[in-house]
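A short write-up of the structure that comes next.
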Amino acid sequence: MTNAEVTAESFLNVLNALPKAERDAVIVRLAHDEEIVQDLLDLATIEERREEPGRRFREFLAENREE
């Protein structure tokens, strides 16, 4: 496990060990942090699209140029 994975696992263990009211309060605070919410949405999109084939950025630009 990487350091980041160990930290994430530790964080989740502590979060899950909290009483429900305290756990809910932490989650509500996280949900009100716009940067964290955006990161979660980005990570969810990456995970959702993980199996899609990639393509070169130049090809994307060529298809989307406004002329």
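Chain labels A, B, ... are given in the sequence in which chains occur in the structure tokens; within each chain residues are numbered consecutively from 1, and ligands are likewise numbered from 1 in the order shown.
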
- request: Apply DSSP to the backbone of this structure and, from chain A, keep only the residues in alpha helix (DSSP H); write these as a PyMOL selection string.
  value: chain A and resi 3-17+20-31+34-48+57-64

Kindly export the residues of the current selection with N, CA and C atoms, as a tab-separated table (two decimals), in the first residue's frame.
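Okay, result-v2.tsv is ready:
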chain	number	residue	atom	x	y	z
A	3	ASN	N	1.63	5.35	0.75
A	3	ASN	CA	1.34	6.23	1.89
A	3	ASN	C	-0.05	6.85	1.78
A	4	ALA	N	-0.42	7.24	0.56
A	4	ALA	CA	-1.73	7.84	0.35
A	4	ALA	C	-2.85	6.84	0.67
A	5	GLU	N	-2.66	5.59	0.26
A	5	GLU	CA	-3.66	4.57	0.53
A	5	GLU	C	-3.77	4.27	2.02
A	6	VAL	N	-2.63	4.25	2.71
A	6	VAL	CA	-2.63	4.02	4.16
A	6	VAL	C	-3.35	5.16	4.86
A	7	THR	N	-3.06	6.38	4.45
A	7	THR	CA	-3.72	7.55	5.04
A	7	THR	C	-5.22	7.49	4.80
A	8	ALA	N	-5.63	7.17	3.57
A	8	ALA	CA	-7.05	7.09	3.25
A	8	ALA	C	-7.74	6.01	4.08
A	9	GLU	N	-7.09	4.86	4.20
A	9	GLU	CA	-7.65	3.77	4.99
A	9	GLU	C	-7.81	4.18	6.46
A	10	SER	N	-6.80	4.86	6.99
A	10	SER	CA	-6.85	5.33	8.38
A	10	SER	C	-7.98	6.34	8.57
A	11	PHE	N	-8.09	7.26	7.64
A	11	PHE	CA	-9.14	8.27	7.70
A	11	PHE	C	-10.52	7.61	7.70
A	12	LEU	N	-10.71	6.66	6.81
A	12	LEU	CA	-12.01	5.99	6.72
A	12	LEU	C	-12.31	5.18	7.98
A	13	ASN	N	-11.29	4.55	8.55
A	13	ASN	CA	-11.49	3.80	9.79
A	13	ASN	C	-11.93	4.73	10.92
A	14	VAL	N	-11.30	5.89	11.03
A	14	VAL	CA	-11.68	6.85	12.06
A	14	VAL	C	-13.10	7.36	11.80
A	15	LEU	N	-13.39	7.70	10.55
A	15	LEU	CA	-14.72	8.19	10.20
A	15	LEU	C	-15.79	7.16	10.53
A	16	ASN	N	-15.55	5.91	10.17
A	16	ASN	CA	-16.52	4.85	10.44
A	16	ASN	C	-16.67	4.55	11.92
A	17	ALA	N	-15.65	4.86	12.72
A	17	ALA	CA	-15.71	4.60	14.16
A	17	ALA	C	-16.50	5.67	14.91
A	20	LYS	N	-22.87	8.04	14.65
A	20	LYS	CA	-23.54	8.50	13.43
A	20	LYS	C	-23.68	10.02	13.35
A	21	ALA	N	-24.06	10.66	14.42
A	21	ALA	CA	-24.25	12.12	14.39
A	21	ALA	C	-22.94	12.84	14.07
A	22	GLU	N	-21.85	12.38	14.66
A	22	GLU	CA	-20.56	13.01	14.39
A	22	GLU	C	-20.08	12.70	12.97
A	23	ARG	N	-20.29	11.47	12.52
A	23	ARG	CA	-19.92	11.10	11.15
A	23	ARG	C	-20.71	11.94	10.16
A	24	ASP	N	-22.00	12.10	10.40
A	24	ASP	CA	-22.83	12.93	9.52
A	24	ASP	C	-22.34	14.37	9.50
A	25	ALA	N	-21.93	14.89	10.65
A	25	ALA	CA	-21.44	16.27	10.71
A	25	ALA	C	-20.18	16.44	9.88
A	26	VAL	N	-19.29	15.45	9.91
A	26	VAL	CA	-18.07	15.51	9.09
A	26	VAL	C	-18.44	15.48	7.61
A	27	ILE	N	-19.34	14.59	7.25
A	27	ILE	CA	-19.73	14.47	5.84
A	27	ILE	C	-20.41	15.75	5.34
A	28	VAL	N	-21.23	16.36	6.17
A	28	VAL	CA	-21.88	17.62	5.79
A	28	VAL	C	-20.82	18.70	5.57
A	29	ARG	N	-19.82	18.76	6.45
A	29	ARG	CA	-18.75	19.75	6.26
A	29	ARG	C	-18.00	19.51	4.96
A	30	LEU	N	-17.72	18.24	4.66
A	30	LEU	CA	-17.06	17.91	3.39
A	30	LEU	C	-17.92	18.33	2.20
A	31	ALA	N	-19.21	18.09	2.30
A	31	ALA	CA	-20.13	18.41	1.20
A	31	ALA	C	-20.25	19.91	0.96
A	34	GLU	N	-16.48	23.33	-1.58
A	34	GLU	CA	-16.62	23.26	-3.04
A	34	GLU	C	-15.44	22.56	-3.71
A	35	GLU	N	-14.25	22.77	-3.20
A	35	GLU	CA	-13.07	22.14	-3.81
A	35	GLU	C	-13.11	20.62	-3.63
A	36	ILE	N	-13.52	20.16	-2.45
A	36	ILE	CA	-13.62	18.72	-2.20
A	36	ILE	C	-14.72	18.12	-3.06
A	37	VAL	N	-15.85	18.79	-3.16
A	37	VAL	CA	-16.95	18.29	-3.99
A	37	VAL	C	-16.50	18.18	-5.44
A	38	GLN	N	-15.79	19.18	-5.94
A	38	GLN	CA	-15.32	19.13	-7.33
A	38	GLN	C	-14.34	17.98	-7.51
A	39	ASP	N	-13.44	17.78	-6.54
A	39	ASP	CA	-12.51	16.65	-6.63
A	39	ASP	C	-13.25	15.32	-6.66
A	40	LEU	N	-14.28	15.17	-5.83
A	40	LEU	CA	-15.07	13.94	-5.82
A	40	LEU	C	-15.77	13.71	-7.15
A	41	LEU	N	-16.32	14.78	-7.71
A	41	LEU	CA	-16.98	14.64	-9.02
A	41	LEU	C	-15.98	14.26	-10.11
A	42	ASP	N	-14.79	14.88	-10.07
A	42	ASP	CA	-13.75	14.54	-11.05
A	42	ASP	C	-13.33	13.08	-10.92
A	43	LEU	N	-13.12	12.62	-9.68
A	43	LEU	CA	-12.70	11.25	-9.47
A	43	LEU	C	-13.79	10.26	-9.88
A	44	ALA	N	-15.05	10.62	-9.63
A	44	ALA	CA	-16.16	9.75	-10.04
A	44	ALA	C	-16.23	9.66	-11.56
A	45	THR	N	-16.01	10.77	-12.25
A	45	THR	CA	-16.02	10.77	-13.71
A	45	THR	C	-14.88	9.92	-14.26
A	46	ILE	N	-13.70	10.06	-13.68
A	46	ILE	CA	-12.55	9.26	-14.12
A	46	ILE	C	-12.86	7.78	-13.96
A	47	GLU	N	-13.39	7.41	-12.80
A	47	GLU	CA	-13.71	6.00	-12.54
A	47	GLU	C	-14.78	5.49	-13.50
A	48	GLU	N	-15.78	6.31	-13.75
A	48	GLU	CA	-16.87	5.93	-14.64
A	48	GLU	C	-16.40	5.71	-16.07
A	57	PHE	N	-4.72	14.15	-27.95
A	57	PHE	CA	-5.25	15.49	-27.72
A	57	PHE	C	-5.34	16.27	-29.02
A	58	ARG	N	-4.36	16.12	-29.89
A	58	ARG	CA	-4.38	16.84	-31.18
A	58	ARG	C	-5.60	16.43	-32.02
A	59	GLU	N	-5.98	15.17	-31.97
A	59	GLU	CA	-7.17	14.72	-32.69
A	59	GLU	C	-8.42	15.38	-32.12
A	60	PHE	N	-8.49	15.45	-30.80
A	60	PHE	CA	-9.61	16.12	-30.15
A	60	PHE	C	-9.70	17.57	-30.59
A	61	LEU	N	-8.56	18.27	-30.57
A	61	LEU	CA	-8.54	19.68	-30.99
A	61	LEU	C	-8.99	19.84	-32.44
A	62	ALA	N	-8.51	18.96	-33.30
A	62	ALA	CA	-8.86	19.04	-34.72
A	62	ALA	C	-10.36	18.87	-34.92
A	63	GLU	N	-10.97	18.00	-34.13
A	63	GLU	CA	-12.41	17.77	-34.25
A	63	GLU	C	-13.24	18.92	-33.67
A	64	ASN	N	-12.68	19.66	-32.76
A	64	ASN	CA	-13.45	20.67	-32.04
A	64	ASN	C	-13.05	22.10	-32.33
